[in-house]
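Note: the block below is my_file17.txt and it holds compact mmCIF, C-alpha atoms.
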# COMPACT_ATOMS: atom_id res chain seq x y z
CA MET A 200 14.33 10.60 -25.55
CA THR A 201 12.93 9.35 -22.25
CA ASP A 202 9.28 8.38 -22.63
CA VAL A 203 8.11 9.51 -19.19
CA ILE A 204 9.36 11.98 -16.59
CA VAL A 205 8.29 10.92 -13.11
CA VAL A 206 8.26 14.09 -11.03
CA ASP A 207 10.35 13.87 -7.89
CA TYR A 208 9.11 15.61 -4.76
CA GLY A 209 11.17 14.04 -2.08
CA ALA A 210 8.92 11.44 -0.52
CA GLY A 211 7.18 9.79 -3.47
CA ASN A 212 7.44 6.10 -4.13
CA THR A 213 8.81 6.56 -7.63
CA ARG A 214 10.31 3.10 -7.91
CA SER A 215 6.98 1.29 -8.29
CA VAL A 216 5.78 3.74 -10.93
CA ARG A 217 8.99 3.27 -12.89
CA ALA A 218 8.75 -0.52 -12.54
CA ALA A 219 5.22 -0.46 -13.99
CA LEU A 220 6.40 1.73 -16.87
CA ALA A 221 9.33 -0.61 -17.54
CA HIS A 222 6.83 -3.46 -17.63
CA LEU A 223 5.07 -1.59 -20.44
CA GLY A 224 8.35 -1.07 -22.27
CA LYS A 225 8.55 2.64 -21.45
CA SER A 226 11.72 4.36 -20.36
CA SER A 227 11.47 6.79 -17.46
CA GLU A 228 13.50 9.20 -15.41
CA VAL A 229 12.87 10.70 -11.98
CA SER A 230 13.38 14.44 -12.09
CA SER A 231 12.12 17.78 -10.85
CA ASP A 232 13.99 19.67 -13.58
CA PRO A 233 11.63 22.25 -15.18
CA GLY A 234 13.20 21.78 -18.64
CA LYS A 235 12.62 18.03 -18.54
CA ILE A 236 9.05 18.48 -17.29
CA ALA A 237 8.40 20.87 -20.19
CA GLY A 238 9.92 18.68 -22.88
CA ALA A 239 8.91 15.13 -21.93
CA PRO A 240 6.37 13.24 -24.05
CA TYR A 241 4.55 12.30 -20.84
CA VAL A 242 4.75 13.38 -17.21
CA ILE A 243 3.62 11.49 -14.13
CA LEU A 244 3.16 13.22 -10.79
CA PRO A 245 3.19 10.27 -8.36
CA GLY A 246 1.79 10.14 -4.90
CA VAL A 247 2.99 9.26 -1.46
CA GLY A 248 3.72 11.62 1.39
CA SER A 249 2.17 14.69 2.90
CA ALA A 250 0.63 17.53 0.91
CA ARG A 251 2.65 20.35 2.44
CA SER A 252 6.13 18.88 2.08
CA ALA A 253 5.33 17.70 -1.46
CA MET A 254 4.03 21.12 -2.51
CA ASP A 255 6.96 22.91 -0.86
CA HIS A 256 9.35 20.68 -2.77
CA LEU A 257 7.56 21.34 -6.07
CA ASN A 258 7.69 25.09 -5.47
CA GLU A 259 11.33 25.13 -4.38
CA THR A 260 12.49 23.21 -7.46
CA SER A 261 10.29 25.27 -9.82
CA ALA A 262 8.65 22.01 -10.85
CA ALA A 263 5.30 23.57 -9.86
CA ALA A 264 5.67 26.39 -12.39
CA ALA A 265 6.88 23.91 -15.03
CA LEU A 266 3.80 21.73 -14.44
CA ARG A 267 1.48 24.75 -14.80
CA ASP A 268 3.22 25.79 -18.04
CA ARG A 269 3.09 22.27 -19.40
CA PHE A 270 -0.62 22.08 -18.61
CA ALA A 271 -1.26 25.43 -20.30
CA ASP A 272 0.59 24.18 -23.40
CA GLY A 273 -1.56 21.04 -23.55
CA GLY A 274 1.17 18.60 -22.42
CA ALA A 275 -0.16 15.35 -20.96
CA ILE A 276 0.19 14.84 -17.20
CA LEU A 277 -1.02 11.94 -15.06
CA GLY A 278 -1.40 12.63 -11.35
CA ILE A 279 -1.53 9.67 -9.00
CA CYS A 280 -3.06 9.85 -5.50
CA LEU A 281 -1.34 12.80 -3.77
CA GLY A 282 -0.13 13.85 -7.22
CA MET A 283 -3.76 14.18 -8.30
CA GLN A 284 -4.74 15.96 -5.08
CA LEU A 285 -1.95 18.53 -5.51
CA SER A 286 -3.33 19.48 -8.93
CA LEU A 287 -6.49 20.93 -7.39
CA GLU A 288 -6.86 24.43 -6.01
CA MET A 289 -6.29 23.51 -2.41
CA SER A 290 -6.09 20.75 0.18
CA GLU A 291 -7.22 20.84 3.79
CA GLU A 292 -4.42 18.39 4.68
CA ASP A 293 -1.67 19.73 6.99
CA GLY A 294 -3.82 22.70 8.03
CA GLY A 295 -4.44 23.88 4.46
CA VAL A 296 -2.11 23.73 1.46
CA GLU A 297 -2.43 25.65 -1.81
CA GLY A 298 -2.27 23.28 -4.76
CA LEU A 299 -1.20 23.68 -8.38
CA GLY A 300 -4.68 24.84 -9.37
CA LEU A 301 -4.76 22.98 -12.67
CA LEU A 302 -8.22 21.70 -11.80
CA LEU A 303 -11.16 23.14 -9.94
CA GLY A 304 -12.01 21.93 -6.48
CA GLU A 305 -10.41 21.01 -3.23
CA VAL A 306 -9.18 18.06 -1.23
CA VAL A 307 -11.02 17.21 1.97
CA ARG A 308 -10.66 14.66 4.76
CA LEU A 309 -12.49 11.45 3.90
CA HIS A 310 -15.72 10.53 5.62
CA ALA A 311 -15.46 6.78 5.38
CA ASP A 312 -16.08 3.81 7.59
CA ARG A 313 -12.38 3.25 8.13
CA ILE A 314 -9.65 5.78 7.47
CA PRO A 315 -7.27 5.36 5.75
CA ARG A 316 -9.42 3.78 3.05
CA LEU A 317 -7.20 0.85 2.11
CA GLY A 318 -7.67 -1.81 -0.49
CA TRP A 319 -9.11 -2.68 -3.87
CA ALA A 320 -12.38 -1.09 -4.91
CA ILE A 321 -14.40 -0.83 -8.09
CA VAL A 322 -14.17 2.41 -10.03
CA GLU A 323 -17.37 3.48 -11.79
CA PRO A 324 -18.16 3.81 -14.64
CA TRP A 325 -15.00 1.95 -15.69
CA GLY A 326 -15.90 -1.26 -13.86
CA ASP A 327 -12.44 -2.51 -12.83
CA ALA A 328 -11.02 -2.74 -9.29
CA TYR A 329 -7.97 -0.66 -8.42
CA TYR A 330 -5.90 -0.24 -5.27
CA PHE A 331 -6.63 2.75 -3.02
CA ALA A 332 -4.73 3.98 0.06
CA HIS A 333 -5.94 7.40 1.15
CA SER A 334 -7.30 9.54 3.99
CA TYR A 335 -8.25 12.55 1.82
CA ALA A 336 -10.24 12.83 -1.39
CA ALA A 337 -10.98 15.37 -4.09
CA GLN A 338 -14.24 17.29 -4.37
CA SER A 339 -14.17 18.63 -7.88
CA PRO A 340 -16.49 19.55 -10.75
CA ASP A 341 -13.81 17.90 -12.92
CA SER A 342 -14.54 14.47 -11.39
CA ILE A 343 -15.02 11.79 -14.07
CA ALA A 344 -15.12 8.58 -12.00
CA THR A 345 -16.04 7.49 -8.49
CA SER A 346 -15.48 4.64 -6.08
CA ASP A 347 -17.97 4.13 -3.22
CA ALA A 348 -19.25 7.61 -4.16
CA ILE A 349 -15.75 9.03 -3.52
CA CYS A 350 -13.97 10.89 -6.32
CA ALA A 351 -11.66 8.36 -8.05
CA ALA A 352 -10.56 10.36 -11.09
CA VAL A 353 -10.53 13.94 -12.36
CA GLN A 354 -9.80 15.30 -15.79
CA ARG A 355 -9.39 18.70 -17.33
CA GLY A 356 -7.70 19.19 -20.67
CA PRO A 357 -4.37 17.35 -20.73
CA PHE A 358 -4.43 16.49 -17.01
CA LEU A 359 -5.80 13.18 -15.82
CA GLY A 360 -5.67 12.47 -12.11
CA VAL A 361 -6.54 9.27 -10.26
CA GLN A 362 -7.01 8.64 -6.55
CA PHE A 363 -6.01 4.97 -6.87
CA HIS A 364 -2.54 3.59 -7.56
CA PRO A 365 -2.42 2.14 -11.09
CA GLU A 366 1.19 1.06 -10.46
CA LYS A 367 -0.10 -1.11 -7.58
CA SER A 368 -3.28 -2.35 -9.22
CA GLY A 369 -2.00 -5.45 -10.95
CA ASP A 370 -3.14 -6.08 -14.50
CA SER A 371 -6.00 -3.56 -14.26
CA GLY A 372 -3.47 -0.91 -13.38
CA LEU A 373 -1.07 -1.82 -16.16
CA ASP A 374 -3.92 -1.71 -18.69
CA PHE A 375 -4.94 1.68 -17.35
CA LEU A 376 -1.40 3.08 -17.60
CA GLU A 377 -1.00 1.69 -21.10
CA GLN A 378 -4.20 3.43 -22.21
CA CYS A 379 -3.08 6.71 -20.65
CA LEU A 380 0.25 6.57 -22.45
CA SER A 381 -1.26 5.57 -25.77
CA ARG A 382 -3.67 8.54 -25.71
CA ALA A 383 -0.92 11.03 -25.03
CA MET B 203 -16.04 -0.28 1.24
CA PRO B 204 -12.99 -1.78 -0.42
CA PHE B 205 -13.02 -5.57 -0.85
CA PRO B 206 -11.67 -7.63 2.05
CA ARG B 207 -8.03 -8.49 1.46
CA LEU B 208 -6.13 -11.75 1.45
CA ILE B 209 -2.50 -11.15 2.40
CA PRO B 210 0.15 -13.89 2.21
CA CYS B 211 3.05 -13.33 4.60
CA LEU B 212 6.60 -14.37 3.72
CA ASP B 213 9.12 -14.80 6.52
CA VAL B 214 12.55 -13.87 5.23
CA ALA B 215 15.87 -14.65 6.93
CA ASN B 216 19.20 -13.69 5.41
CA GLY B 217 17.54 -13.03 2.10
CA ARG B 218 15.73 -16.35 1.86
CA VAL B 219 12.15 -17.35 2.51
CA VAL B 220 11.93 -19.65 5.50
CA LYS B 221 9.22 -21.67 7.19
CA GLY B 222 7.60 -24.48 5.34
CA VAL B 223 7.06 -23.32 1.79
CA SER B 224 6.26 -26.21 -0.51
CA PHE B 225 8.25 -26.66 -3.68
CA VAL B 226 5.23 -27.41 -5.82
CA GLY B 227 5.14 -25.14 -8.85
CA LEU B 228 8.18 -23.09 -7.95
CA ARG B 229 11.68 -23.09 -9.38
CA ASP B 230 13.36 -21.72 -6.28
CA VAL B 231 11.14 -21.77 -3.26
CA GLY B 232 13.61 -19.84 -1.15
CA ASP B 233 13.68 -16.80 -3.40
CA PRO B 234 11.39 -14.11 -1.92
CA VAL B 235 11.20 -12.32 -5.26
CA GLU B 236 9.96 -15.37 -7.12
CA LEU B 237 7.50 -16.35 -4.40
CA ALA B 238 6.15 -12.79 -4.13
CA SER B 239 5.60 -12.68 -7.86
CA PHE B 240 3.98 -16.11 -7.79
CA TYR B 241 1.49 -15.07 -5.10
CA SER B 242 0.77 -11.85 -6.92
CA ASP B 243 -0.10 -13.83 -10.07
CA GLY B 244 -2.20 -16.17 -7.92
CA GLY B 245 -4.45 -13.35 -6.74
CA ALA B 246 -2.91 -12.06 -3.51
CA ASP B 247 -4.36 -8.63 -2.76
CA GLU B 248 -1.22 -7.52 -0.96
CA LEU B 249 1.87 -9.12 0.54
CA VAL B 250 3.77 -8.83 3.79
CA LEU B 251 7.50 -9.52 3.90
CA LEU B 252 8.71 -10.07 7.42
CA ASP B 253 12.44 -9.88 8.00
CA ILE B 254 12.91 -12.34 10.85
CA THR B 255 16.68 -12.01 11.02
CA ALA B 256 16.68 -8.24 11.26
CA THR B 257 20.14 -7.96 12.69
CA PRO B 258 21.72 -4.61 11.91
CA ASP B 259 24.15 -6.07 9.35
CA ASP B 260 21.26 -7.67 7.51
CA THR B 261 19.58 -4.41 6.47
CA GLN B 262 21.47 -4.28 3.18
CA THR B 263 20.18 -7.70 2.15
CA MET B 264 16.60 -6.79 2.96
CA THR B 265 16.78 -3.43 1.19
CA SER B 266 18.01 -5.16 -1.92
CA ILE B 267 15.18 -7.70 -1.72
CA VAL B 268 12.61 -4.95 -1.25
CA ALA B 269 13.88 -3.22 -4.38
CA GLN B 270 13.79 -6.45 -6.40
CA VAL B 271 10.28 -7.24 -5.18
CA ALA B 272 9.12 -3.71 -6.04
CA ASP B 273 10.48 -4.16 -9.56
CA VAL B 274 8.42 -7.29 -10.26
CA LEU B 275 5.32 -6.73 -8.14
CA GLU B 276 2.32 -4.68 -9.23
CA ILE B 277 0.43 -5.08 -5.97
CA PRO B 278 1.13 -3.32 -2.67
CA PHE B 279 3.47 -4.81 -0.10
CA THR B 280 4.42 -4.15 3.50
CA VAL B 281 7.82 -4.81 5.02
CA GLY B 282 8.25 -5.57 8.70
CA GLY B 283 11.02 -6.63 11.03
CA GLY B 284 13.97 -4.45 11.86
CA VAL B 285 12.24 -1.08 11.37
CA ARG B 286 13.53 0.88 14.35
CA SER B 287 13.91 4.43 13.05
CA VAL B 288 12.56 6.89 10.52
CA ALA B 289 15.74 6.22 8.54
CA ASP B 290 14.93 2.47 8.44
CA ALA B 291 11.43 3.25 7.23
CA SER B 292 12.74 5.67 4.58
CA ARG B 293 15.21 3.12 3.30
CA ILE B 294 12.46 0.53 2.89
CA ILE B 295 9.81 2.83 1.41
CA GLU B 296 12.26 4.47 -0.95
CA SER B 297 13.31 1.00 -2.11
CA GLY B 298 9.73 0.50 -3.24
CA ALA B 299 7.70 -0.91 -0.33
CA ASP B 300 4.32 0.71 0.21
CA ARG B 301 4.24 0.39 3.94
CA VAL B 302 6.39 -0.52 6.89
CA SER B 303 5.25 -2.55 9.84
CA LEU B 304 6.44 -1.58 13.30
CA ASN B 305 6.28 -3.95 16.23
CA SER B 306 8.47 -3.69 19.34
CA ALA B 307 10.08 -0.46 18.13
CA ALA B 308 6.68 1.23 18.21
CA LEU B 309 6.10 0.03 21.77
CA ALA B 310 9.50 1.28 22.87
CA SER B 311 9.23 4.58 20.94
CA PRO B 312 5.58 5.35 20.14
CA TRP B 313 6.56 8.72 18.60
CA LEU B 314 8.08 6.71 15.75
CA ILE B 315 4.56 5.99 14.47
CA THR B 316 3.84 9.71 14.17
CA ALA B 317 7.23 10.55 12.69
CA ILE B 318 6.87 8.04 9.86
CA ALA B 319 3.21 8.91 9.26
CA ASP B 320 4.06 12.62 9.02
CA ARG B 321 6.59 11.92 6.33
CA TYR B 322 4.89 9.19 4.29
CA GLY B 323 1.26 9.36 5.36
CA SER B 324 -0.68 7.15 7.77
CA GLN B 325 -1.35 4.59 5.05
CA ALA B 326 2.39 3.81 5.09
CA VAL B 327 2.48 2.79 8.76
CA VAL B 328 1.25 -0.57 10.01
CA VAL B 329 1.53 -1.32 13.70
CA ALA B 330 1.91 -5.04 14.39
CA ILE B 331 0.55 -6.22 17.72
CA ASP B 332 1.24 -9.68 19.11
CA ALA B 333 -1.60 -10.18 21.55
CA GLY B 334 -2.31 -12.80 24.19
CA GLU B 335 -4.18 -12.93 27.51
CA GLY B 336 -5.30 -9.35 27.00
CA VAL B 337 -1.82 -7.87 26.82
CA VAL B 338 0.75 -7.02 24.18
CA HIS B 339 3.71 -9.39 23.82
CA THR B 340 7.20 -8.81 22.47
CA HIS B 341 10.05 -10.99 21.24
CA GLY B 342 7.93 -12.91 18.81
CA GLY B 343 5.22 -13.44 21.38
CA ARG B 344 7.45 -14.93 24.07
CA VAL B 345 7.51 -12.01 26.50
CA ALA B 346 4.34 -10.52 27.98
CA THR B 347 4.23 -6.78 28.70
CA THR B 348 1.80 -5.07 31.04
CA THR B 349 0.26 -3.02 28.20
CA PRO B 350 -3.36 -3.96 27.53
CA THR B 351 -3.92 -4.88 23.88
CA LEU B 352 -6.92 -2.61 23.34
CA GLU B 353 -5.23 0.35 24.97
CA TRP B 354 -2.16 0.00 22.76
CA ALA B 355 -4.24 -0.43 19.61
CA VAL B 356 -6.11 2.80 20.36
CA GLU B 357 -2.88 4.65 21.11
CA ALA B 358 -1.26 3.41 17.88
CA CYS B 359 -4.31 4.61 15.98
CA GLU B 360 -4.26 8.02 17.68
CA ARG B 361 -0.56 8.41 16.99
CA GLY B 362 -1.13 8.01 13.26
CA ALA B 363 -0.93 4.32 12.41
CA GLY B 364 -2.82 3.47 9.22
CA GLU B 365 -3.53 -0.14 10.04
CA ILE B 366 -3.18 -2.72 12.81
CA LEU B 367 -1.71 -6.14 12.06
CA LEU B 368 -3.13 -8.15 14.92
CA THR B 369 -1.64 -11.56 15.69
CA SER B 370 -3.23 -13.84 18.23
CA ILE B 371 -0.41 -15.65 19.98
CA ARG B 372 -2.82 -18.32 21.15
CA GLN B 373 -3.93 -19.13 17.61
CA ASP B 374 -0.70 -18.51 15.71
CA GLY B 375 0.55 -21.65 13.99
CA LYS B 376 -2.37 -23.76 15.24
CA ARG B 377 -4.43 -23.63 12.06
CA THR B 378 -7.68 -23.90 14.01
CA GLY B 379 -9.06 -20.51 12.99
CA PHE B 380 -8.46 -16.86 13.81
CA ASP B 381 -9.24 -15.38 17.21
CA LEU B 382 -12.44 -13.70 16.12
CA GLU B 383 -13.27 -12.30 19.54
CA LEU B 384 -9.91 -10.54 19.83
CA THR B 385 -10.09 -9.32 16.23
CA SER B 386 -13.60 -7.90 16.69
CA ALA B 387 -12.68 -6.24 19.98
CA VAL B 388 -9.65 -4.48 18.50
CA ARG B 389 -11.48 -3.50 15.33
CA SER B 390 -14.31 -1.96 17.37
CA ALA B 391 -11.82 0.00 19.45
CA VAL B 392 -10.06 1.69 16.52
CA THR B 393 -11.08 3.63 13.40
CA ILE B 394 -8.35 2.22 11.14
CA PRO B 395 -8.45 -1.12 9.30
CA VAL B 396 -7.33 -4.28 11.08
CA ILE B 397 -5.57 -7.31 9.55
CA ALA B 398 -6.32 -10.54 11.42
CA SER B 399 -3.36 -12.87 11.79
CA GLY B 400 -2.73 -16.27 13.32
CA GLY B 401 -4.73 -19.42 12.86
CA ALA B 402 -5.68 -19.70 9.19
CA GLY B 403 -6.08 -23.39 8.39
CA SER B 404 -8.94 -23.40 5.91
CA ALA B 405 -11.01 -21.24 3.58
CA GLN B 406 -13.73 -21.30 6.24
CA HIS B 407 -11.36 -19.78 8.79
CA VAL B 408 -10.38 -17.00 6.43
CA ALA B 409 -13.99 -16.33 5.46
CA ASP B 410 -14.96 -16.15 9.14
CA ALA B 411 -12.19 -13.61 9.78
CA LEU B 412 -13.16 -11.51 6.74
CA ARG B 413 -16.71 -11.28 8.07
CA VAL B 414 -15.44 -9.40 11.13
CA THR B 415 -12.47 -7.46 9.78
CA ASP B 416 -10.77 -5.88 6.77
CA ALA B 417 -8.04 -8.34 5.85
CA ALA B 418 -6.56 -11.70 6.75
CA LEU B 419 -2.91 -12.66 6.87
CA ILE B 420 -2.22 -16.16 5.62
CA ALA B 421 0.98 -18.17 5.85
CA SER B 422 1.25 -21.96 5.99
CA ILE B 423 -2.13 -22.47 4.32
CA VAL B 424 -0.65 -21.02 1.10
CA HIS B 425 3.00 -21.90 1.60
CA GLU B 426 2.16 -25.60 1.71
CA ASN B 427 0.52 -25.28 -1.67
CA PRO B 428 1.51 -22.06 -3.46
CA THR B 429 -0.44 -23.03 -6.58
CA GLY B 430 -3.57 -23.33 -4.46
CA LEU B 431 -4.11 -19.60 -3.91
CA PRO B 432 -6.62 -19.12 -6.76
CA GLY B 433 -8.54 -22.15 -5.46
CA LEU B 434 -8.50 -20.77 -1.93
CA ARG B 435 -9.92 -17.47 -3.23
CA ARG B 436 -12.73 -19.33 -4.99
CA GLU B 437 -13.54 -21.34 -1.85
CA ILE B 438 -13.69 -18.16 0.22
CA GLU B 439 -15.97 -16.58 -2.37
CA ASN B 440 -18.18 -19.66 -2.35
CA LEU B 441 -18.57 -19.08 1.39
CA GLY B 442 -20.14 -15.73 0.61
CA ILE B 443 -17.18 -13.36 0.91
CA GLN B 444 -16.78 -11.19 -2.14
CA LEU B 445 -13.10 -10.65 -2.98
CA ARG B 446 -11.85 -8.25 -5.63
CA PRO B 447 -12.47 -9.42 -9.19
CA LEU B 448 -9.20 -10.50 -10.83
CA LYS B 449 -8.40 -9.28 -14.28
CA GLU B 450 -6.16 -10.93 -16.84
CA ARG B 451 -4.20 -8.66 -19.10
CA ALA B 452 -5.03 -9.05 -22.76
This entry written out as structure tokens:
Amino acid sequence: MTDVIVVDYGAGNTRSVRAALAHLGKSSEVSSDPGKIAGAPYVILPGVGSARSAMDHLNETSAAAALRDRFADGGAILGICLGMQLSLEMSEEDGGVEGLGLLLGEVVRLHADRIPRLGWAIVEPWGDAYYFAHSYAAQSPDSIATSDAICAAVQRGPFLGVQFHPEKSGDSGLDFLEQCLSRA
Amino acid sequence: MPFPRLIPCLDVANGRVVKGVSFVGLRDVGDPVELASFYSDGGADELVLLDITATPDDTQTMTSIVAQVADVLEIPFTVGGGVRSVADASRIIESGADRVSLNSAALASPWLITAIADRYGSQAVVVAIDAGEGVVHTHGGRVATTTPTLEWAVEACERGAGEILLTSIRQDGKRTGFDLELTSAVRSAVTIPVIASGGAGSAQHVADALRVTDAALIASIVHENPTGLPGLRREIENLGIQLRPLKERA
């Protein structure tokens, strides 16, 4: 059986996620098939693109419903960047987009010095630097880590979401992904 | 604020790295995949791959290289040269690049910036500006346009660019330091990050640039001594610029 299903929503950069998984010796498949999302040992919802087109794609393929069911059944999901943002109740990107609602909170436009916020930054309380590339950020009671006082990670039950890109964060990112997979 | 970034730039022609890369420490200096991986291990924060052939029949070669680089690299990378349409950008991003860099195509068709940003997000669009004498240049800096540099930088930003890659034609290749005045002026005019390019000859030059902007592009200073990247990082840090802490996997 494939170790990880990487959820396809049209515009995601799935190749880098799969390369990082391969580096860790994990097999992966890109799919939006609800049956595969339900049955996989681990699911990653990756993140590049715009909120509306990503969410539309998830709804059209029934991947959205499959992700909600998987979450309700306690199946592990890792959301990366936009993939994390889509798991919240809503996003103000693209004039307002309803999210998966797995976690509480919403996604708002960043108030930072420079937008997009690009580059490596320390995540507290974890202490390592990871790569960020975002213009929006989560505001959630489920926040478990921050970077420059911006939400860097959220968790509720089997869902862990990160604003940074572990697949682009060198050795820190690989270590992070390995830990995620080993806890699943 | 994220840490300032150090970004080696590889010029690629017909699938091979060109322009003065030293052989020291490398098996095949012309292989972009090996060199990219080498710089990543040496502490590059990001990479830029610039396709300097970029003839239409070359796109297949570059796409294949992008995919191979994406498979070995665990840091972000930008691909420039030959991106003239949304389809070009899609091909490159879907092959695993994080961002595309637009230069003359963005000047000719500014809507392209918005079209790519709408699809992949602003963070995926870098607008490269070759600047000299206050105006934007094309054709690798050889032809001056009438477009003022600052005006174009602001327009690129407003149209959805996520970063400006600013090359000073005057300083490029001279190794006497970045054009700090130009870099500061552009950075003050826009709200997106700015990568300084052109003129890096020493750690001091890079440190000076990183005091006024978000990232510095480096070329010959690393290509002449690819194994020297970790040392260069330390020198820059000793000059008071804090770069991201590197972590070794257990």
(message) Just to confirm, what's the straight-line distance from CA of Pro312 in chain B to CA of Leu252 in chain B in Å (one decimal)?
(response) 20.2 Å
Select from chain B every residue with an atom at most 7 Å from any atom of chain A, then for each give the shortest pair of atoms and their distance in Å to one decimal, using only C-alpha atoms, rows by chain and rising number, as CSV.
residue,atom,partner,partner_atom,distance
B:Met203,CA,A:Asp347,CA,6.6
B:Pro204,CA,A:Ala320,CA,4.6
B:Phe205,CA,A:Trp319,CA,5.7
B:Arg207,CA,A:Gly318,CA,7.0
B:Ala272,CA,A:Ser215,CA,5.9
B:Asp273,CA,A:Ala218,CA,5.0
B:Glu276,CA,A:Lys367,CA,4.6
B:Ile277,CA,A:Lys367,CA,4.3
B:Pro278,CA,A:Lys367,CA,5.5
B:Ile295,CA,A:Asn212,CA,6.9
B:Glu296,CA,A:Asn212,CA,6.0
B:Ser297,CA,A:Arg214,CA,6.9
B:Gly298,CA,A:Arg214,CA,5.4
B:Asp320,CA,A:Ser249,CA,6.7
B:Arg321,CA,A:Gly248,CA,5.7
B:Tyr322,CA,A:Gly248,CA,4.0
B:Gly323,CA,A:Gly248,CA,5.2
B:Gln325,CA,A:Pro315,CA,6.0
B:Gly364,CA,A:Pro315,CA,6.0
B:Thr393,CA,A:Arg313,CA,5.4
B:Ile394,CA,A:Arg313,CA,5.1
B:Pro395,CA,A:Arg313,CA,6.0
B:Arg446,CA,A:Trp319,CA,6.5
B:Pro447,CA,A:Ala328,CA,6.8
B:Lys449,CA,A:Asp370,CA,6.2
B:Glu450,CA,A:Asp370,CA,6.2
B:Arg451,CA,A:Asp370,CA,5.4
(message) Quick one: residues within 8 Å of Gly232 in chain B, only C-alpha atoms, excluding same-chain residues fewer than 5 positions away - as a PyMOL selection string?
(response) chain B and resi 218-220+223+237
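One finds CA of Glu360 in chain B at 29.1 Å from CA of Thr265 in chain B.
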(request) Quick one: pull the distance between CA of Ala246 in chain B and CA of Gln444 in chain B, Å, one decimal. (result)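 A separation of 14.0 Å between them.
Look at range 329-342 of chain B: the protein and nucleic acid residues within 6 Å of it, using only C-alpha atoms and passing over chain neighbours fewer than 4 places away, are Ser303, Leu304, Asn305, Ala346, Thr347, Thr349, Pro350, Thr351, Ile366, Leu367, Leu368, Thr369, Ser370 and Ile371 of chain B.
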(message) Using all atoms listed in the file for the distances, tell me which of B:Val396, B:Val288, B:Ala391, B:Ala238 is nearest to Ser311 in chain B.
(response) B:Val288
(request) Using all atoms listed in the file, find the one residue out of B:Arg413, B:His407, B:Arg293, B:Arg286 that sits nearest to Ser306 in chain B. (result)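 Answer, going by the shortest atom-to-atom distance: B:Arg286.
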Serialized range 241-255 of chain B w/ N, CA and C atoms as an mmCIF file, in the first residue's frame:
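Listing of result02.cif after writing:
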data_model
loop_
_atom_site.group_PDB
_atom_site.id
_atom_site.type_symbol
_atom_site.label_atom_id
_atom_site.label_comp_id
_atom_site.auth_asym_id
_atom_site.auth_seq_id
_atom_site.Cartn_x
_atom_site.Cartn_y
_atom_site.Cartn_z
ATOM 1 N N TYR B 241 25.254 23.342 -3.738
ATOM 2 C CA TYR B 241 25.009 24.641 -3.087
ATOM 3 C C TYR B 241 23.970 24.517 -1.974
ATOM 4 N N SER B 242 23.010 23.663 -2.194
ATOM 5 C CA SER B 242 22.002 23.442 -1.160
ATOM 6 C C SER B 242 22.677 22.878 0.101
ATOM 7 N N ASP B 243 23.538 21.893 -0.092
ATOM 8 C CA ASP B 243 24.277 21.312 1.047
ATOM 9 C C ASP B 243 25.194 22.352 1.694
ATOM 10 N N GLY B 244 25.681 23.298 0.881
ATOM 11 C CA GLY B 244 26.611 24.301 1.399
ATOM 12 C C GLY B 244 25.934 25.447 2.135
ATOM 13 N N GLY B 245 24.594 25.450 2.162
ATOM 14 C CA GLY B 245 23.896 26.465 2.945
ATOM 15 C C GLY B 245 23.229 27.556 2.135
ATOM 16 N N ALA B 246 23.035 27.331 0.824
ATOM 17 C CA ALA B 246 22.253 28.308 0.050
ATOM 18 C C ALA B 246 20.840 28.350 0.634
ATOM 19 N N ASP B 247 20.255 29.545 0.690
ATOM 20 C CA ASP B 247 18.900 29.662 1.229
ATOM 21 C C ASP B 247 17.855 29.402 0.161
ATOM 22 N N GLU B 248 18.263 29.580 -1.073
ATOM 23 C CA GLU B 248 17.407 29.438 -2.242
ATOM 24 C C GLU B 248 18.337 29.379 -3.426
ATOM 25 N N LEU B 249 17.831 28.993 -4.588
ATOM 26 C CA LEU B 249 18.636 29.040 -5.804
ATOM 27 C C LEU B 249 17.831 29.703 -6.914
ATOM 28 N N VAL B 250 18.572 30.269 -7.867
ATOM 29 C CA VAL B 250 17.956 30.727 -9.109
ATOM 30 C C VAL B 250 18.636 29.992 -10.255
ATOM 31 N N LEU B 251 17.833 29.420 -11.127
ATOM 32 C CA LEU B 251 18.332 28.807 -12.357
ATOM 33 C C LEU B 251 17.884 29.685 -13.504
ATOM 34 N N LEU B 252 18.846 30.211 -14.240
ATOM 35 C CA LEU B 252 18.519 31.106 -15.330
ATOM 36 C C LEU B 252 18.841 30.423 -16.649
ATOM 37 N N ASP B 253 17.802 30.191 -17.439
ATOM 38 C CA ASP B 253 17.987 29.561 -18.741
ATOM 39 C C ASP B 253 18.411 30.645 -19.728
ATOM 40 N N ILE B 254 19.707 30.657 -20.076
ATOM 41 C CA ILE B 254 20.173 31.745 -20.936
ATOM 42 C C ILE B 254 20.139 31.383 -22.420
ATOM 43 N N THR B 255 19.778 30.136 -22.729
ATOM 44 C CA THR B 255 19.532 29.830 -24.144
ATOM 45 C C THR B 255 18.127 30.255 -24.466
#
